[in-house]
Amino acid sequence: MPRSSTMTYACECGTTFASTMYQTVNVTLEPQLLYRLLAGSLNVAVCPNCGRRIESDLPFIYHDMRRGLFAYAHPNAEAGDEERDQLLERLREVYDEAVGASERILAEERASQPTPPGQPDIPRLTVRRRSPAEDLSAQLEPSAPPMQVIFGREQLVALVDSLLEPEERLGRLALSARGAGPAQRERIVSIAERLASQFDLQVETEGEGADFTVWVYGPRERIETLAAQMRQ
Ligand SMILES: [Zn+2]
């Protein structure tokens, strides 16, 4: 499965543009994707001409190795029962195959070395429709299945956010450019991009004309460090 692909969008305003959409989101390898998810800009194409947002409803794999979250995320919470059942059935097959393969590998390892007593069996995928809080508690239990199926972008965001330490949560800083002309706006964006790369943060612009705002976002701790530096 490819990690991401470039897709072309035709906006209602007549502009055609390309945007990167992720099929696999591994936030351990690409931590900036975690903050794009929290900021609502992951798998969202934004028209460079009119700023219209087009949210992708294609499912993706979300993997956070460090926090132990492995999820199949279906952005559309409104998926019909039949669609859900088909999807879960397909996932169960894929999962059973994967578990079968790891059981074989483990069996080979056990054959070559003694296993400590009381080691739990590999958990199997179960179908659940729960709230993020319940998913979280299940996820913290060692017997919980390692792969979760999540319907809805907000549900995934809530679950991901609940796994973060306070200082890791999303922080934002607005660089307002009210009344600025196009040249000044460009200058503010380039300053924001420089600061962001220095502090390993990300930049997003919002609004047009008088409402134009540049957002710098990322882990709260780093945003606070940046804000403290800017006040000096
Ligand atoms: Zn447009």
# chains A, B, ... in the order shown; residues from 1 in each chain; ligands from 1
call {"tool": "residues_near_ligand", "arguments": {"ligand": "ligand 1", "cutoff": "6 Å", "atoms": "only C-alpha atoms and all ligand atoms", "output": "VMD selection string"}}
result
chain A and resid 11 to 13 15 47 49 to 52
call {"tool": "closest_residue", "arguments": {"among": "A:Met147, A:Leu163, A:Val25, A:Leu38", "to": "Arg92 of chain A", "atoms": "only C-alpha atoms"}}
result
A:Met147
call {"tool": "closest_residue", "arguments": {"among": "A:Val46, A:Thr16, A:Thr205, A:Glu103", "to": "Ile188 of chain A", "atoms": "only C-alpha atoms"}}
result
A:Thr205
call {"tool": "residues_around", "arguments": {"residues": "Leu58 of chain A", "least_positions_apart": "6", "cutoff": "12 Å", "atoms": "only C-alpha atoms", "output": "list of chain:residue names"}}
result
A:Ser4, A:Ser5, A:Met7, A:Met21, A:Tyr22, A:Gln23, A:Thr24, A:Leu42, A:Asn43, A:Val44, A:Tyr72, A:Ala73, A:His74, A:Pro75, A:Asn76, A:Ala77, A:Ala79, A:Phe151, A:Gly152, A:Arg153
call {"tool": "select_by_dssp", "arguments": {"residues": "segment 2-230 of chain A", "states": "alpha helix (DSSP H)", "output": "number ranges by chain"}}
result
A: 31-38, 81-112, 132-140, 153-162, 182-199, 220-230
call {"tool": "closest_residue", "arguments": {"among": "A:Ser190, A:Pro166, A:Arg172, A:Tyr217", "to": "Gln202 of chain A", "atoms": "only C-alpha atoms"}}
result
A:Tyr217
call {"tool": "closest_residue", "arguments": {"among": "A:Ser176, A:Phe17, A:Leu106, A:Gln32", "to": "Ala196 of chain A", "atoms": "only C-alpha atoms"}}
result
A:Gln32
call {"tool": "atom_distance", "arguments": {"atom1": "atom CA of Val203 of chain A", "atom2": "atom CA of Val216 of chain A"}}
result
4.6 Å
call {"tool": "closest_residue", "arguments": {"among": "A:Pro59, A:Thr28, A:Gly218, A:Ala227", "to": "Leu87 of chain A", "atoms": "only C-alpha atoms"}}
result
A:Pro59
call {"tool": "residues_around", "arguments": {"residues": "Arg185 of chain A", "least_positions_apart": "4", "cutoff": "9 Å", "atoms": "only C-alpha atoms", "output": "list in words"}}
result
Ala177, Ala180, Gly181, Val189, Ser190, Phe212, Thr213 and Val214 of chain A
call {"tool": "closest_residue", "arguments": {"among": "A:Val160, A:Val94, A:Asp81, A:Ser41", "to": "His63 of chain A", "atoms": "only C-alpha atoms"}}
result
A:Val160
